[in-house]
Amino acid sequence: MFELNKLVRFNISQLKAYSSARDEFSGEAKVFLDANENSLGSPLTKWYNRYPDPHQHAVKLALSAVKGIQPAHIFLGNGSDECIDLLFRCFCEPGKDNVIICPPTYGMYEVSANINDIALKIAPLLPDFQLDLVHIETLVDANTKIIWLCSPNNPTGNSLNRVDMETILNNFNGIVVIDEAYINFAKQQSFIQELAEYPNLVVLQTFSKAWGLAALRLGMAFASTAIIDIMNKVKPPYNINQATQEFALKALEEVGQVNDMIKELVSMRQALAEVFESMPTVEKVYPSDANFILVKIKDARKIYEFLLTKGIVLRDRSSVQLCADCLRITIGTEKENTILVDAMQDWYQVQTIA
Ligand SMILES: *Cc1c(COP(=O)(O)O)cnc(C)c1O
């Protein structure tokens with residue numbers, strides 16, 4: 001049985017949330033003298049002298065229409081990274097509880113666990129980069145609060161098998177986080193429509209990848225209203241700044257443009273994968289559902305360093321378990337991809353001469 005009340009940290013369940021000036025009065029008024037802002041304005045626009053909406057009503061409403069999810073099921077964080085940290089702080093008792101991660105995967109789950117003094121249990125992905133359900137099951141104990149899944153996964157690029165994720169959702173009585181940072185580039189369906197089915201599900205998405213707004217720092221969590229309420233209680237009152245809320249609203253009017261970029265990136269991903277597959281020392285280009293490809297190639301580290309001398313930066317994952325000799329390559333613009341491919345030709349030239 002899934003019982004949310006038993007998962008929440010005791011101090012959080014007892015917590016009385018901070019009540020901001022904007023919480024205590026949020027209607028229309030003629031004169032706002034309640035928040036110690038600078039009434040005269042600011043060197044920028046008049047608007048920025050005021051604290052932003054702590055609950056981001058307008059952004060959530062627009063997002064609700066785009067995602068088909070009620071605003072009460074949406075939490076907004078200062079990047080997904082804030083959502084990750086908050087989930088630890090809501091559910092995991094430092095020095096006592098543990099979580100399960102499945103590497104190779106996104107590094108922030110581990111860093112955030114360490115910051116919060118939460119023990120990590122590790123069930124590495126299988127060689128095909130899928131979940132090891134048997135191993136995960138043996139790791140679960142009474143203090144296991146969260147299982148972190150990332151699909152499509154970073155840095156491997158593949159989606160996890162849906163049936164495996166459903167098995168975990170159906171059998172684990174703690175929180176299951178599915179990080180869908182790259183879902184827009186995948187053929188697979190998001191889990192956000194399954195919230196009613198799984199009271200233990202938290203889906204993470206972000207404006208940093210497909211939406212092209214990494215600089216704004218805006219991440220989304222979708223979950224039951226009960227889970228969202230707990231996250232809202234713990235978050236800093238004004239975690240999403242005014243400029244970010246304004247830009248996000250504008251961006252949400254441009255879903256068509258975002259979809260066009262996604263199509264273009266997916267098509268360039270295919271093209272770049274084919275070019276790398278044809279290179280003589282490439283052992284494998286892993287199938288990708290994301291906006292990057294993982295390439296297993298002889299002398300990965302040397303190539304990484306060679307490309308650096310040409311001003312091209314890839315992500316060297318060659319020291320990561322299961323990713324030996326692997327480079328992670330973000331899909332660039334047409335021009336950037338060409339510069340990379342030309343530089344790879346130079347690399348092979350240098351090899352034959354030497
Ligand atoms: C890039 C990425 C994120 C995004 O984090 P933000 O804080 O929203 O920028 C989240 N999860 C994974 C797996 C990522 O690769």
# chains A, B, ... in the order shown; residues from 1 in each chain; ligands from 1

call {"tool": "residues_around", "arguments": {"residues": "A:Leu272", "least_positions_apart": "3", "cutoff": "12 Å", "atoms": "only C-alpha atoms", "output": "compact mmCIF listing (two decimals) with N, CA, C and O atoms, in the first residue's frame"}}
result
# COMPACT_ATOMS: atom_id res chain seq x y z
N LEU A 265 15.83 19.01 -35.03
CA LEU A 265 16.90 18.39 -34.23
C LEU A 265 16.89 16.87 -34.39
O LEU A 265 17.94 16.24 -34.49
N VAL A 266 15.67 16.30 -34.42
CA VAL A 266 15.58 14.83 -34.56
C VAL A 266 16.12 14.41 -35.93
O VAL A 266 16.83 13.40 -36.05
N SER A 267 15.84 15.20 -36.95
CA SER A 267 16.31 14.83 -38.28
C SER A 267 17.84 14.99 -38.37
O SER A 267 18.53 14.16 -38.97
N MET A 268 18.38 16.02 -37.73
CA MET A 268 19.85 16.19 -37.73
C MET A 268 20.52 15.12 -36.85
O MET A 268 21.64 14.70 -37.12
N ARG A 269 19.81 14.66 -35.82
CA ARG A 269 20.34 13.58 -34.98
C ARG A 269 20.56 12.33 -35.81
O ARG A 269 21.60 11.68 -35.74
N VAL A 275 26.58 9.68 -40.09
CA VAL A 275 27.95 10.08 -40.41
C VAL A 275 28.93 9.39 -39.46
O VAL A 275 29.96 8.86 -39.88
N PHE A 276 28.61 9.39 -38.15
CA PHE A 276 29.53 8.77 -37.19
C PHE A 276 29.60 7.26 -37.38
O PHE A 276 30.66 6.65 -37.23
N GLU A 277 28.45 6.64 -37.72
CA GLU A 277 28.45 5.19 -37.96
C GLU A 277 29.42 4.82 -39.08
O GLU A 277 30.01 3.74 -39.07
N SER A 278 29.59 5.72 -40.04
CA SER A 278 30.44 5.40 -41.19
C SER A 278 31.92 5.64 -40.90
O SER A 278 32.78 5.34 -41.72
N MET A 279 32.25 6.20 -39.72
CA MET A 279 33.67 6.47 -39.42
C MET A 279 34.38 5.18 -39.02
O MET A 279 33.82 4.35 -38.32
N VAL A 285 27.18 3.70 -32.51
CA VAL A 285 26.40 4.90 -32.19
C VAL A 285 25.13 4.38 -31.55
O VAL A 285 24.35 3.66 -32.19
N TYR A 286 24.94 4.68 -30.27
CA TYR A 286 23.77 4.15 -29.57
C TYR A 286 22.51 4.84 -30.05
O TYR A 286 22.52 6.04 -30.34
N PRO A 287 21.41 4.09 -30.15
CA PRO A 287 20.14 4.69 -30.56
C PRO A 287 19.74 5.78 -29.57
O PRO A 287 19.88 5.59 -28.36
N SER A 288 19.28 6.91 -30.07
CA SER A 288 18.96 8.03 -29.18
C SER A 288 17.53 8.51 -29.33
O SER A 288 17.02 8.67 -30.43
N ASN A 291 18.32 14.78 -27.61
CA ASN A 291 18.95 15.73 -28.54
C ASN A 291 20.46 15.60 -28.50
O ASN A 291 21.18 16.60 -28.62
N PHE A 292 20.93 14.36 -28.27
CA PHE A 292 22.36 14.08 -28.31
C PHE A 292 22.54 12.63 -28.74
O PHE A 292 21.57 11.85 -28.74
N ILE A 293 23.75 12.29 -29.13
CA ILE A 293 24.05 10.88 -29.41
C ILE A 293 25.24 10.46 -28.56
O ILE A 293 26.10 11.28 -28.22
N LEU A 294 25.26 9.20 -28.20
CA LEU A 294 26.39 8.63 -27.47
C LEU A 294 27.15 7.75 -28.46
O LEU A 294 26.58 6.86 -29.08
N VAL A 295 28.43 8.06 -28.60
CA VAL A 295 29.25 7.38 -29.61
C VAL A 295 30.40 6.64 -28.94
O VAL A 295 31.17 7.24 -28.18
N ILE A 329 27.55 13.63 -27.64
CA ILE A 329 27.58 14.74 -28.58
C ILE A 329 26.20 15.37 -28.70
O ILE A 329 25.25 14.72 -29.18
N THR A 330 26.07 16.63 -28.27
CA THR A 330 24.81 17.35 -28.43
C THR A 330 24.62 17.66 -29.91
O THR A 330 25.58 18.01 -30.61
N ILE A 331 23.38 17.54 -30.40
CA ILE A 331 23.09 17.91 -31.79
C ILE A 331 23.19 19.43 -31.91
O ILE A 331 22.50 20.15 -31.20
N GLY A 332 24.06 19.89 -32.76
CA GLY A 332 24.25 21.33 -32.95
C GLY A 332 23.40 21.86 -34.09
O GLY A 332 22.50 21.18 -34.59
N THR A 333 23.72 23.09 -34.52
CA THR A 333 23.12 23.60 -35.75
C THR A 333 23.77 22.84 -36.91
O THR A 333 24.79 22.17 -36.75
N GLU A 334 23.17 22.99 -38.09
CA GLU A 334 23.73 22.37 -39.30
C GLU A 334 25.22 22.74 -39.43
O GLU A 334 26.07 21.89 -39.68
N LYS A 335 25.51 24.02 -39.20
CA LYS A 335 26.87 24.53 -39.34
C LYS A 335 27.81 23.91 -38.30
O LYS A 335 28.93 23.49 -38.61
N GLU A 336 27.34 23.86 -37.06
CA GLU A 336 28.16 23.30 -35.98
C GLU A 336 28.44 21.82 -36.22
O GLU A 336 29.56 21.33 -36.00
N ASN A 337 27.42 21.10 -36.68
CA ASN A 337 27.60 19.67 -36.95
C ASN A 337 28.63 19.47 -38.06
O ASN A 337 29.45 18.54 -38.01
N THR A 338 28.59 20.35 -39.06
CA THR A 338 29.56 20.26 -40.16
C THR A 338 30.98 20.54 -39.66
O THR A 338 31.92 19.82 -40.03
N ILE A 339 31.12 21.54 -38.80
CA ILE A 339 32.44 21.85 -38.22
C ILE A 339 32.98 20.63 -37.48
O ILE A 339 34.15 20.25 -37.61
N LEU A 340 32.08 19.95 -36.72
CA LEU A 340 32.50 18.76 -35.97
C LEU A 340 32.94 17.64 -36.91
O LEU A 340 34.00 17.03 -36.73
N VAL A 341 32.13 17.38 -37.92
CA VAL A 341 32.44 16.29 -38.85
C VAL A 341 33.74 16.57 -39.61
O VAL A 341 34.58 15.68 -39.78

call {"tool": "residues_near_ligand", "arguments": {"ligand": "ligand 1", "cutoff": "9 Å", "atoms": "only C-alpha atoms and all ligand atoms", "output": "PyMOL selection string"}}
result
chain A and resi 77-84+105-108+150-155+179-182+204-209+213-220

call {"tool": "select_by_dssp", "arguments": {"residues": "stretch 20-62 of chain A", "states": "helix (DSSP H, G or I)", "output": "MDAnalysis selection string"}}
result
chainID A and resid 21:24 46:49 57:62

call {"tool": "closest_residue", "arguments": {"among": "A:Ser39, A:Asn232, A:Gln14, A:Thr156", "to": "A:Leu87", "atoms": "only C-alpha atoms"}}
result
A:Asn232

call {"tool": "residues_around", "arguments": {"residues": "stretch 122-132 of chain A", "least_positions_apart": "3", "cutoff": "6 Å", "atoms": "only C-alpha atoms", "output": "tab-separated table (two decimals) with N, CA, C and O atoms, in the first residue's frame"}}
result
chain	number	residue	atom	x	y	z
A	100	ILE	N	17.28	4.93	-4.58
A	100	ILE	CA	17.92	4.06	-5.58
A	100	ILE	C	18.12	4.84	-6.88
A	100	ILE	O	17.20	5.51	-7.35
A	101	ILE	N	19.34	4.75	-7.40
A	101	ILE	CA	19.60	5.32	-8.73
A	101	ILE	C	20.16	4.22	-9.64
A	101	ILE	O	20.65	3.20	-9.17
A	102	CYS	N	20.05	4.44	-10.94
A	102	CYS	CA	20.42	3.42	-11.93
A	102	CYS	C	21.42	3.99	-12.94
A	102	CYS	O	21.04	4.36	-14.06
A	103	PRO	N	22.68	4.07	-12.55
A	103	PRO	CA	23.68	4.66	-13.45
A	103	PRO	C	24.08	3.73	-14.60
A	103	PRO	O	23.89	2.52	-14.46
A	135	HIS	N	17.68	-6.60	-9.45
A	135	HIS	CA	18.61	-5.90	-8.57
A	135	HIS	C	17.91	-4.79	-7.79
A	135	HIS	O	18.09	-4.65	-6.58
A	136	ILE	N	17.09	-4.04	-8.48
A	136	ILE	CA	16.36	-2.95	-7.82
A	136	ILE	C	15.52	-3.50	-6.67
A	136	ILE	O	15.53	-2.97	-5.56
A	160	LEU	N	13.80	4.06	-21.35
A	160	LEU	CA	13.67	2.82	-20.58
A	160	LEU	C	12.40	2.12	-21.04
A	160	LEU	O	11.45	2.76	-21.51

call {"tool": "atom_distance", "arguments": {"atom1": "atom CA of A:Ala113", "atom2": "atom CA of A:Asp229"}}
result
21.8 Å

call {"tool": "atom_distance", "arguments": {"atom1": "atom CA of A:Val66", "atom2": "atom CA of A:Ala223"}}
result
16.3 Å

call {"tool": "closest_residue", "arguments": {"among": "A:His73, A:Lys298, A:Arg89, A:Lys250", "to": "A:Leu195", "atoms": "only C-alpha atoms"}}
result
A:His73

call {"tool": "closest_residue", "arguments": {"among": "A:Asp34, A:Asp260, A:Asp164, A:Glu246", "to": "A:Trp211", "atoms": "only C-alpha atoms"}}
result
A:Asp260

call {"tool": "select_by_dssp", "arguments": {"residues": "stretch 158-303 of chain A", "states": "strand (DSSP E or B)", "output": "number ranges by chain"}}
result
A: 175-179, 201-206, 219-223, 282-285, 292-297

call {"tool": "closest_residue", "arguments": {"among": "A:Glu37, A:Thr138, A:Asp342, A:Cys326", "to": "A:Ile312", "atoms": "only C-alpha atoms"}}
result
A:Asp342

call {"tool": "decode", "arguments": {"residues": "stretch 285-347 of chain A", "atoms": "C-alpha atoms", "output": "CSV table (one decimal), in the first residue's frame"}}
result
chain,number,residue,atom,x,y,z
A,285,VAL,CA,26.4,4.9,-32.2
A,286,TYR,CA,23.8,4.2,-29.6
A,287,PRO,CA,20.1,4.7,-30.6
A,288,SER,CA,19.0,8.0,-29.2
A,289,ASP,CA,15.6,9.4,-28.1
A,290,ALA,CA,17.2,12.7,-27.0
A,291,ASN,CA,18.9,15.7,-28.5
A,292,PHE,CA,22.4,14.1,-28.3
A,293,ILE,CA,24.0,10.9,-29.4
A,294,LEU,CA,26.4,8.6,-27.5
A,295,VAL,CA,29.2,7.4,-29.6
A,296,LYS,CA,31.6,4.6,-28.7
A,297,ILE,CA,34.9,5.2,-30.5
A,298,LYS,CA,38.5,4.2,-30.2
A,299,ASP,CA,40.7,6.8,-28.4
A,300,ALA,CA,37.7,8.7,-27.2
A,301,ARG,CA,39.7,10.7,-24.7
A,302,LYS,CA,42.3,11.6,-27.3
A,303,ILE,CA,39.6,12.7,-29.7
A,304,TYR,CA,38.0,14.8,-27.0
A,305,GLU,CA,41.3,16.6,-26.4
A,306,PHE,CA,42.0,16.9,-30.1
A,307,LEU,CA,38.6,18.5,-30.7
A,308,LEU,CA,39.2,20.9,-27.8
A,309,THR,CA,42.3,22.3,-29.6
A,310,LYS,CA,39.9,23.0,-32.5
A,311,GLY,CA,37.5,24.9,-30.2
A,312,ILE,CA,35.0,22.1,-30.2
A,313,VAL,CA,33.7,20.8,-26.8
A,314,LEU,CA,32.0,17.4,-26.4
A,315,ARG,CA,31.1,15.6,-23.2
A,316,ASP,CA,33.7,13.0,-22.4
A,317,ARG,CA,31.9,10.1,-20.7
A,318,SER,CA,34.7,7.5,-21.3
A,319,SER,CA,35.4,7.1,-17.6
A,320,VAL,CA,31.7,6.4,-16.7
A,321,GLN,CA,30.7,2.8,-16.0
A,322,LEU,CA,29.2,1.1,-19.1
A,323,CYS,CA,30.3,4.1,-21.2
A,324,ALA,CA,33.9,3.2,-21.7
A,325,ASP,CA,35.3,5.0,-24.8
A,326,CYS,CA,32.1,7.0,-25.1
A,327,LEU,CA,31.6,10.6,-26.1
A,328,ARG,CA,28.3,12.4,-25.7
A,329,ILE,CA,27.6,14.7,-28.6
A,330,THR,CA,24.8,17.3,-28.4
A,331,ILE,CA,23.1,17.9,-31.8
A,332,GLY,CA,24.2,21.3,-32.9
A,333,THR,CA,23.1,23.6,-35.7
A,334,GLU,CA,23.7,22.4,-39.3
A,335,LYS,CA,26.9,24.5,-39.3
A,336,GLU,CA,28.2,23.3,-36.0
A,337,ASN,CA,27.6,19.7,-37.0
A,338,THR,CA,29.6,20.3,-40.2
A,339,ILE,CA,32.4,21.8,-38.2
A,340,LEU,CA,32.5,18.8,-36.0
A,341,VAL,CA,32.4,16.3,-38.8
A,342,ASP,CA,35.2,18.2,-40.7
A,343,ALA,CA,37.3,18.2,-37.5
A,344,MET,CA,36.8,14.4,-37.3
A,345,GLN,CA,38.2,14.1,-40.8
A,346,ASP,CA,41.2,16.1,-39.7
A,347,TRP,CA,41.6,13.7,-36.8
